[in-house]
file final.cif (mmCIF, C-alpha atoms and all ligand atoms)
data_final
loop_
_atom_site.group_PDB
_atom_site.id
_atom_site.type_symbol
_atom_site.label_atom_id
_atom_site.label_comp_id
_atom_site.auth_asym_id
_atom_site.auth_seq_id
_atom_site.Cartn_x
_atom_site.Cartn_y
_atom_site.Cartn_z
ATOM 1 C CA MET A 279 157.990 158.237 83.499
ATOM 2 C CA ARG A 280 161.548 157.886 82.226
ATOM 3 C CA ALA A 281 163.380 161.111 81.570
ATOM 4 C CA SER A 282 163.850 160.219 77.887
ATOM 5 C CA THR A 283 160.087 159.682 77.468
ATOM 6 C CA ALA A 284 159.334 162.984 79.138
ATOM 7 C CA ALA A 285 161.853 164.687 76.879
ATOM 8 C CA ALA A 286 160.263 163.061 73.814
ATOM 9 C CA LEU A 287 156.813 164.264 74.906
ATOM 10 C CA LEU A 288 158.130 167.743 75.486
ATOM 11 C CA ILE A 289 159.791 167.817 72.082
ATOM 12 C CA GLY A 290 156.559 166.556 70.491
ATOM 13 C CA LEU A 291 154.614 169.307 72.236
ATOM 14 C CA LEU A 292 157.082 171.947 71.108
ATOM 15 C CA ILE A 293 156.897 170.718 67.502
ATOM 16 C CA ARG A 294 153.091 170.857 67.596
ATOM 17 C CA LEU A 295 153.152 174.360 69.043
ATOM 18 C CA THR A 296 155.625 175.465 66.397
ATOM 19 C CA LEU A 297 153.630 173.924 63.559
ATOM 20 C CA ALA A 298 150.264 175.230 64.740
ATOM 21 C CA ALA A 299 149.066 177.457 61.905
ATOM 22 C CA PRO A 300 148.415 181.068 62.803
ATOM 23 C CA THR A 301 144.700 181.715 62.946
ATOM 24 C CA VAL A 302 143.513 183.493 59.814
ATOM 25 C CA GLU A 303 140.011 184.830 60.152
ATOM 26 C CA THR A 304 138.066 183.942 57.018
ATOM 27 C CA VAL A 305 134.777 185.347 55.815
ATOM 28 C CA LEU A 306 132.313 184.222 53.166
ATOM 29 C CA THR A 307 132.288 186.040 49.828
ATOM 30 C CA PRO A 308 130.981 185.151 46.352
ATOM 31 C CA GLY A 309 134.572 183.994 45.742
ATOM 32 C CA GLY A 310 134.370 181.478 48.597
ATOM 33 C CA TYR A 311 135.980 181.839 52.034
ATOM 34 C CA ARG A 312 138.656 184.559 52.007
ATOM 35 C CA ALA A 313 140.851 186.289 54.576
ATOM 36 C CA ALA A 314 138.925 188.969 56.451
ATOM 37 C CA THR A 315 141.845 191.299 55.716
ATOM 38 C CA SER A 316 140.986 191.065 51.978
ATOM 39 C CA LEU A 317 137.702 192.944 52.497
ATOM 40 C CA HIS A 318 137.190 196.510 51.336
ATOM 41 C CA GLU A 319 133.775 198.143 51.475
ATOM 42 C CA ILE A 320 133.328 200.842 48.845
ATOM 43 C CA PRO A 321 132.309 204.169 50.412
ATOM 44 C CA ALA A 322 128.880 205.391 49.250
ATOM 45 C CA GLY A 323 129.224 206.630 45.681
ATOM 46 C CA GLY A 324 132.885 205.600 45.576
ATOM 47 C CA SER A 325 134.834 203.750 42.903
ATOM 48 C CA LEU A 326 137.972 201.737 42.200
ATOM 49 C CA ALA A 327 141.018 202.362 40.041
ATOM 50 C CA HIS A 328 143.800 200.005 39.038
ATOM 51 C CA VAL A 329 147.053 201.967 39.390
ATOM 52 C CA GLY A 330 150.205 199.979 38.685
ATOM 53 C CA SER A 331 150.534 197.201 41.233
ATOM 54 C CA GLU A 332 147.772 198.651 43.414
ATOM 55 C CA ILE A 333 144.030 199.107 43.418
ATOM 56 C CA HIS A 334 142.875 202.430 44.818
ATOM 57 C CA VAL A 335 139.565 202.906 46.602
ATOM 58 C CA LEU A 336 138.143 206.349 45.877
ATOM 59 C CA ALA A 337 135.503 208.264 47.820
ATOM 60 C CA ALA A 338 132.584 209.800 45.918
ATOM 61 C CA ASN A 339 134.533 213.070 45.648
ATOM 62 C CA GLY A 340 137.465 211.323 43.991
ATOM 63 C CA THR A 341 139.793 211.317 47.022
ATOM 64 C CA VAL A 342 141.841 208.124 47.368
ATOM 65 C CA VAL A 343 140.846 206.655 50.734
ATOM 66 C CA LYS A 344 142.743 203.349 50.538
ATOM 67 C CA LYS A 345 145.473 201.731 48.435
ATOM 68 C CA VAL A 346 145.726 197.958 48.365
ATOM 69 C CA ALA A 347 148.301 195.732 46.702
ATOM 70 C CA LYS A 348 147.217 193.360 43.959
ATOM 71 C CA GLY A 349 148.139 189.800 44.702
ATOM 72 C CA THR A 350 149.611 187.123 42.510
ATOM 73 C CA PRO A 351 146.929 186.223 39.993
ATOM 74 C CA THR A 352 145.142 183.003 40.907
ATOM 75 C CA LYS A 353 141.780 181.696 39.841
ATOM 76 C CA VAL A 354 138.938 183.358 41.756
ATOM 77 C CA GLN A 355 136.020 181.267 40.661
ATOM 78 C CA ALA A 356 135.270 178.530 43.151
ATOM 79 C CA ALA A 357 135.692 175.235 41.343
ATOM 80 C CA VAL A 358 132.376 173.618 40.657
ATOM 81 C CA SER A 359 132.142 171.399 43.662
ATOM 82 C CA PRO A 360 129.729 168.597 44.335
ATOM 83 C CA LEU A 361 126.882 169.277 46.705
ATOM 84 C CA GLN A 362 126.438 172.283 48.847
ATOM 85 C CA THR A 363 129.447 174.491 48.319
ATOM 86 C CA GLY A 364 130.430 177.033 45.752
ATOM 87 C CA TRP A 365 128.950 177.372 42.310
ATOM 88 C CA ILE A 366 126.015 174.958 42.171
ATOM 89 C CA THR A 367 124.533 175.350 38.706
ATOM 90 C CA PHE A 368 125.024 178.005 36.053
ATOM 91 C CA ALA A 369 124.989 179.022 32.400
ATOM 92 C CA SER A 370 127.988 180.648 30.741
ATOM 93 C CA TRP A 371 129.311 182.054 27.482
ATOM 94 C CA LEU A 372 132.894 182.961 26.594
ATOM 95 C CA ASN A 373 133.504 185.818 24.163
ATOM 96 C CA GLN A 374 136.320 184.660 21.894
ATOM 97 C CA GLY A 375 135.823 187.401 19.315
ATOM 98 C CA SER A 376 138.038 190.439 18.872
ATOM 99 C CA SER A 377 135.479 192.998 20.040
ATOM 100 C CA PRO A 378 134.973 193.141 23.845
ATOM 101 C CA ILE A 379 131.603 192.731 25.542
ATOM 102 C CA SER A 380 130.324 196.275 26.095
ATOM 103 C CA SER A 381 127.064 195.491 27.852
ATOM 104 C CA PHE A 382 125.581 192.497 29.679
ATOM 105 C CA THR A 383 122.137 192.841 31.245
ATOM 106 C CA THR A 384 119.926 190.442 33.176
ATOM 107 C CA THR A 385 116.529 190.858 34.824
ATOM 108 C CA TRP A 386 115.160 188.595 37.529
ATOM 109 C CA THR A 387 112.676 188.580 40.395
ATOM 110 C CA VAL A 388 113.752 188.159 44.015
ATOM 111 C CA PRO A 389 112.515 184.673 45.012
ATOM 112 C CA PRO A 390 110.612 183.839 48.192
ATOM 113 C CA VAL A 391 112.884 183.452 51.222
ATOM 114 C CA PRO A 392 113.828 179.795 51.769
ATOM 115 C CA ALA A 393 111.393 177.793 53.892
ATOM 116 C CA THR A 394 114.190 176.783 56.279
ATOM 117 C CA ASN A 395 117.212 178.627 57.623
ATOM 118 C CA HIS A 396 120.209 176.533 58.618
ATOM 119 C CA GLY A 397 122.627 179.433 58.372
ATOM 120 C CA GLN A 398 123.031 178.935 54.626
ATOM 121 C CA THR A 399 124.071 181.625 52.183
ATOM 122 C CA ILE A 400 122.618 181.810 48.663
ATOM 123 C CA PHE A 401 124.076 184.024 45.927
ATOM 124 C CA LEU A 402 122.306 184.650 42.595
ATOM 125 C CA PHE A 403 123.950 186.848 39.994
ATOM 126 C CA ASN A 404 125.054 187.595 36.486
ATOM 127 C CA SER A 405 128.824 187.937 36.396
ATOM 128 C CA ILE A 406 131.742 188.510 34.101
ATOM 129 C CA GLU A 407 135.345 187.383 34.408
ATOM 130 C CA PRO A 408 138.567 187.701 32.449
ATOM 131 C CA SER A 409 139.552 184.573 30.505
ATOM 132 C CA ALA A 410 142.216 183.825 33.128
ATOM 133 C CA GLY A 411 139.473 183.536 35.777
ATOM 134 C CA ASP A 412 141.488 185.619 38.223
ATOM 135 C CA ALA A 413 138.838 188.301 38.862
ATOM 136 C CA ILE A 414 135.069 188.703 38.787
ATOM 137 C CA LEU A 415 132.619 191.615 38.573
ATOM 138 C CA GLN A 416 129.076 190.830 39.644
ATOM 139 C CA PRO A 417 125.817 192.402 40.811
ATOM 140 C CA VAL A 418 124.793 189.884 43.502
ATOM 141 C CA LEU A 419 121.512 189.011 45.191
ATOM 142 C CA GLN A 420 122.242 187.384 48.550
ATOM 143 C CA TYR A 421 120.214 185.505 51.182
ATOM 144 C CA GLY A 422 121.951 184.766 54.495
ATOM 145 C CA GLY A 423 125.159 186.166 55.865
ATOM 146 C CA SER A 424 128.357 187.079 54.048
ATOM 147 C CA ALA A 425 131.379 189.275 54.556
ATOM 148 C CA ALA A 426 129.252 192.215 53.405
ATOM 149 C CA GLY A 427 126.572 191.625 56.053
ATOM 150 C CA GLY A 428 123.119 190.243 55.437
ATOM 151 C CA GLY A 429 120.976 187.758 57.322
ATOM 152 C CA ALA A 430 117.724 185.845 56.913
ATOM 153 C CA PHE A 431 116.556 188.237 54.199
ATOM 154 C CA TRP A 432 117.450 189.178 50.635
ATOM 155 C CA ALA A 433 119.952 191.953 49.929
ATOM 156 C CA VAL A 434 121.862 193.213 46.892
ATOM 157 C CA ALA A 435 125.389 194.511 46.440
ATOM 158 C CA THR A 436 127.914 194.793 43.623
ATOM 159 C CA TRP A 437 131.146 192.862 44.162
ATOM 160 C CA TYR A 438 134.541 192.974 42.476
ATOM 161 C CA LEU A 439 137.089 190.348 43.457
ATOM 162 C CA ASP A 440 140.638 189.934 42.270
ATOM 163 C CA SER A 441 143.086 187.291 43.456
ATOM 164 C CA SER A 442 143.606 188.802 46.875
ATOM 165 C CA ASN A 443 141.093 191.596 47.369
ATOM 166 C CA THR A 444 137.337 191.636 47.848
ATOM 167 C CA PHE A 445 135.487 194.876 47.143
ATOM 168 C CA PHE A 446 131.756 195.364 47.680
ATOM 169 C CA THR A 447 129.168 198.091 47.847
ATOM 170 C CA THR A 448 127.143 198.344 51.062
ATOM 171 C CA PRO A 449 124.305 195.790 50.859
ATOM 172 C CA VAL A 450 120.804 197.146 50.273
ATOM 173 C CA GLN A 451 117.932 195.074 51.631
ATOM 174 C CA THR A 452 115.287 193.945 49.164
ATOM 175 C CA SER A 453 112.399 191.494 49.340
ATOM 176 C CA ALA A 454 110.622 188.709 47.498
ATOM 177 C CA GLY A 455 108.907 189.874 44.338
ATOM 178 C CA ALA A 456 111.212 192.831 43.673
ATOM 179 C CA THR A 457 112.536 193.132 40.113
ATOM 180 C CA LEU A 458 116.311 193.267 39.726
ATOM 181 C CA ASN A 459 118.191 194.601 36.707
ATOM 182 C CA GLY A 460 121.818 193.521 36.960
ATOM 183 C CA ILE A 461 124.141 195.178 34.478
ATOM 184 C CA VAL A 462 127.811 195.144 33.569
ATOM 185 C CA GLN A 463 129.057 197.741 31.103
ATOM 186 C CA LEU A 464 132.351 198.558 29.454
ATOM 187 C CA THR A 465 132.274 202.360 29.540
ATOM 188 C CA ALA A 466 135.737 203.203 28.163
ATOM 189 C CA THR A 467 139.010 201.733 26.966
ATOM 190 C CA SER A 468 142.419 203.363 27.250
ATOM 191 C CA GLY A 469 145.414 201.631 25.725
ATOM 192 C CA SER A 470 145.159 198.066 26.964
ATOM 193 C CA THR A 471 142.999 198.879 29.977
ATOM 194 C CA TYR A 472 139.251 198.884 30.411
ATOM 195 C CA THR A 473 136.785 200.841 32.522
ATOM 196 C CA TYR A 474 133.840 198.784 33.729
ATOM 197 C CA ASN A 475 130.705 199.685 35.618
ATOM 198 C CA SER A 476 128.329 197.278 37.316
ATOM 199 C CA ALA A 477 125.103 197.889 39.231
ATOM 200 C CA PHE A 478 121.518 197.013 39.823
ATOM 201 C CA THR A 479 120.278 199.837 37.627
ATOM 202 C CA ASN A 480 117.062 200.265 39.592
ATOM 203 C CA ILE A 481 118.613 200.233 43.106
ATOM 204 C CA GLY A 482 120.615 203.201 44.377
ATOM 205 C CA GLY A 483 123.939 202.639 46.115
ATOM 206 C CA THR A 484 124.848 199.544 44.091
ATOM 207 C CA ALA A 485 126.875 201.122 41.270
ATOM 208 C CA LEU A 486 130.589 200.402 41.113
ATOM 209 C CA THR A 487 132.988 201.803 38.522
ATOM 210 C CA ILE A 488 136.478 200.343 38.074
ATOM 211 C CA VAL A 489 138.976 202.320 36.040
ATOM 212 C CA GLY A 490 142.072 200.818 34.430
ATOM 213 C CA VAL A 491 141.153 197.143 34.585
ATOM 214 C CA PRO A 492 144.160 195.410 32.963
ATOM 215 C CA GLU A 493 142.206 192.440 31.632
ATOM 216 C CA GLN A 494 139.244 192.331 29.275
ATOM 217 C CA LEU A 495 136.215 190.652 30.868
ATOM 218 C CA THR A 496 135.136 187.858 28.555
ATOM 219 C CA TRP A 497 133.246 185.100 30.397
ATOM 220 C CA ALA A 498 129.586 185.903 31.113
ATOM 221 C CA THR A 499 127.558 183.757 33.507
ATOM 222 C CA GLU A 500 124.143 183.373 35.149
ATOM 223 C CA THR A 501 124.824 181.600 38.425
ATOM 224 C CA LEU A 502 123.459 180.006 41.588
ATOM 225 C CA GLU A 503 126.125 179.781 44.284
ATOM 226 C CA ALA A 504 125.512 178.491 47.818
ATOM 227 C CA TYR A 505 127.229 177.626 51.094
ATOM 228 C CA GLY A 506 126.077 175.788 54.190
ATOM 229 C CA VAL A 507 122.966 174.299 52.610
ATOM 230 C CA THR A 508 121.792 171.238 54.551
ATOM 231 C CA ALA A 509 118.335 170.636 53.038
ATOM 232 C CA ILE A 510 116.688 171.376 49.701
ATOM 233 C CA SER A 511 114.269 173.666 51.616
ATOM 234 C CA ASP A 512 117.282 175.886 52.367
ATOM 235 C CA TYR A 513 116.889 177.021 48.754
ATOM 236 C CA PRO A 514 113.976 179.185 47.625
ATOM 237 C CA ALA A 515 111.000 177.173 46.388
ATOM 238 C CA GLY A 516 110.451 176.863 42.652
ATOM 239 C CA SER A 517 112.757 178.528 40.185
ATOM 240 C CA THR A 518 114.459 181.766 39.244
ATOM 241 C CA VAL A 519 114.046 182.987 35.681
ATOM 242 C CA PHE A 520 116.874 185.162 34.386
ATOM 243 C CA SER A 521 115.368 187.092 31.463
ATOM 244 C CA GLY A 522 116.179 190.146 29.379
ATOM 245 C CA ILE A 523 119.669 188.712 28.988
ATOM 246 C CA ASN A 524 121.299 190.993 26.438
ATOM 247 C CA LEU A 525 124.919 191.029 25.334
ATOM 248 C CA ARG A 526 126.387 193.699 23.075
ATOM 249 C CA LEU A 527 129.910 194.188 21.743
ATOM 250 C CA GLN A 528 131.986 197.348 21.652
ATOM 251 C CA ASN A 529 131.869 197.398 17.842
ATOM 252 C CA GLY A 530 128.080 197.678 18.016
ATOM 253 C CA ALA A 531 127.428 194.092 16.970
ATOM 254 C CA THR A 532 125.328 191.541 18.789
ATOM 255 C CA PRO A 533 127.459 188.439 19.343
ATOM 256 C CA SER A 534 126.390 184.988 18.286
ATOM 257 C CA VAL A 535 125.860 183.347 21.671
ATOM 258 C CA SER A 536 125.144 179.784 22.672
ATOM 259 C CA TRP A 537 124.925 179.314 26.442
ATOM 260 C CA ALA A 538 126.645 176.320 28.011
ATOM 261 C CA THR A 539 125.175 174.912 31.234
ATOM 262 C CA GLN A 540 126.558 173.211 34.315
ATOM 263 C CA GLN A 541 124.079 171.073 36.258
ATOM 264 C CA ASP A 542 123.912 169.727 39.791
ATOM 265 C CA THR A 543 121.793 166.705 38.999
ATOM 266 C CA ALA A 544 122.788 164.892 42.201
ATOM 267 C CA ASP A 545 120.939 167.523 44.221
ATOM 268 C CA GLY A 546 118.170 168.127 41.678
ATOM 269 C CA LEU A 547 119.308 171.676 40.857
ATOM 270 C CA SER A 548 119.330 172.605 37.189
ATOM 271 C CA THR A 549 119.882 175.353 34.666
ATOM 272 C CA THR A 550 117.753 175.405 31.513
ATOM 273 C CA VAL A 551 118.279 177.662 28.514
ATOM 274 C CA ASN A 552 114.736 178.598 27.477
ATOM 275 C CA THR A 553 115.699 181.206 24.872
ATOM 276 C CA ASN A 554 119.254 181.037 23.583
ATOM 277 C CA GLY A 555 121.344 183.864 22.155
ATOM 278 C CA ALA A 556 122.345 187.398 23.049
ATOM 279 C CA THR A 557 119.025 189.193 22.664
ATOM 280 C CA ASN A 558 116.395 188.773 25.356
ATOM 281 C CA ALA A 559 117.729 185.337 26.227
ATOM 282 C CA VAL A 560 115.967 183.468 29.043
ATOM 283 C CA ILE A 561 117.651 181.030 31.435
ATOM 284 C CA THR A 562 115.926 179.260 34.333
ATOM 285 C CA ILE A 563 117.564 177.944 37.481
ATOM 286 C CA ARG A 564 115.342 175.374 39.201
ATOM 287 C CA TYR A 565 115.805 174.483 42.867
HETATM 288 C C1 LIG A 601 136.406 213.720 50.147
HETATM 289 O O1 LIG A 601 135.770 212.648 50.837
HETATM 290 C C2 LIG A 601 136.550 212.125 51.905
HETATM 291 C C3 LIG A 601 135.842 210.884 52.418
HETATM 292 O O2 LIG A 601 134.484 211.122 52.656
HETATM 293 C C4 LIG A 601 136.741 213.190 52.958
HETATM 294 O O3 LIG A 601 137.506 212.680 54.017
HETATM 295 C C5 LIG A 601 137.420 214.393 52.328
HETATM 296 O O4 LIG A 601 137.491 215.429 53.266
HETATM 297 C C6 LIG A 601 136.699 214.867 51.090
HETATM 298 N N1 LIG A 601 137.538 215.872 50.424
HETATM 299 C C7 LIG A 601 137.049 216.976 49.901
HETATM 300 C C8 LIG A 601 138.039 217.865 49.228
HETATM 301 O O5 LIG A 601 135.868 217.260 49.952
#
call {"tool": "encode", "arguments": {"input": "final.cif", "output": "structure tokens"}}
result
Amino acid sequence: MRASTAAALLIGLLIRLTLAAPTVETVLTPGGYRAATSLHEIPAGGSLAHVGSEIHVLAANGTVVKKVAKGTPTKVQAAVSPLQTGWITFASWLNQGSSPISSFTTTWTVPPVPATNHGQTIFLFNSIEPSAGDAILQPVLQYGGSAAGGGAFWAVATWYLDSSNTFFTTPVQTSAGATLNGIVQLTATSGSTYTYNSAFTNIGGTALTIVGVPEQLTWATETLEAYGVTAISDYPAGSTVFSGINLRLQNGATPSVSWATQQDTADGLSTTVNTNGATNAVITIRY
């Protein structure tokens, strides 16, 4: 080997070593794959508070146990991607009125576990986001593993994601046939900030309050999200009916709601609005 060739190889090797990206451990969340360092489990009975450029994690007794920096706002919602990743099919409504959404409820039944397990993760939830799409608050039913834990069983947790942080309550295992009541409520406003609470109202340990949210949450959804699905049998059989969907506004009015849907026809997954509106609406996701 000529010396110049050897030198060129060495230089090439050095460049590759220099360019090799540092390994960032990523974990699966309802906001897609995120840095493991973004994860913050809420202590039992704890809460969150936006304070200036930080979000504080509070213990049940009100003590601040962690302070994390807010990142640069970027869209949290995984773009609707073809096939098996991210938001698969969903219904949504955007509140464009002047009065904020004060309450958003949804009832559904935990489906049978999928017939096959290829390491997939399924998320089913009602959620609410600011118009900018840079945060999400959601009571989530999960099958499979995620950053919060889980496995080949159903579990529930409440999640709050901003651009760079992922907060979740400790998952609580549940099982097929259980009734879930997912709720998001605006409990107070102060100046231009909002206090929200989300929970499965009938399952202890899932409530999460966030004080001082700087953005009004306006975009309500009923969603099927999935990762790592390799066969249709990786989904539950049949369908999931989201019912008791009720939206109320802070001024006491019931908004005029027409749900928009996003389908995944290529994979045969669909969302149907059976009863439209903001009072006892019914929406079915079919696998
Ligand atoms: C509040 O809770 C935290 C976390 O559990 C604990 O470390 C702290 O001692 C508690 N403080 C008081 C005043 O009880």
call {"tool": "residues_near_ligand", "arguments": {"input": "final.cif", "ligand": "ligand LIG 601 (chain A)", "cutoff": "6 Å", "atoms": "only C-alpha atoms and all ligand atoms", "output": "ChimeraX atom specification"}}
result
/A:337,339,341
call {"tool": "resolve_selection", "arguments": {"input": "final.cif", "expression": "the PyMOL selection byres (((chain A and resi 510) around 12) and not hetatm)", "output": "count of residues only"}}
result
25
call {"tool": "closest_residue", "arguments": {"input": "final.cif", "among": "A:Gly482, A:Gly423, A:Gly555, A:Gly490", "to": "Gly323 of chain A", "atoms": "all atoms listed in the file"}}
result
A:Gly482
call {"tool": "closest_residue", "arguments": {"input": "final.cif", "among": "A:Tyr438, A:Trp371, A:Trp386, A:Phe401", "to": "Thr457 of chain A", "atoms": "only C-alpha atoms"}}
result
A:Trp386
call {"tool": "residues_around", "arguments": {"input": "final.cif", "residues": "Lys345 of chain A", "least_positions_apart": "5", "cutoff": "8 Å", "atoms": "all atoms listed in the file", "output": "PyMOL selection string"}}
result
chain A and resi 332-335
call {"tool": "residues_near_point", "arguments": {"input": "final.cif", "point": "(145.6, 199.1, 38.0)", "cutoff": "10 Å", "atoms": "all atoms listed in the file", "output": "JSON, numbers by chain"}}
result
{"A": [326, 327, 328, 329, 330, 331, 332, 333, 334, 347, 348, 471, 472, 488, 489, 490, 491, 492, 493]}
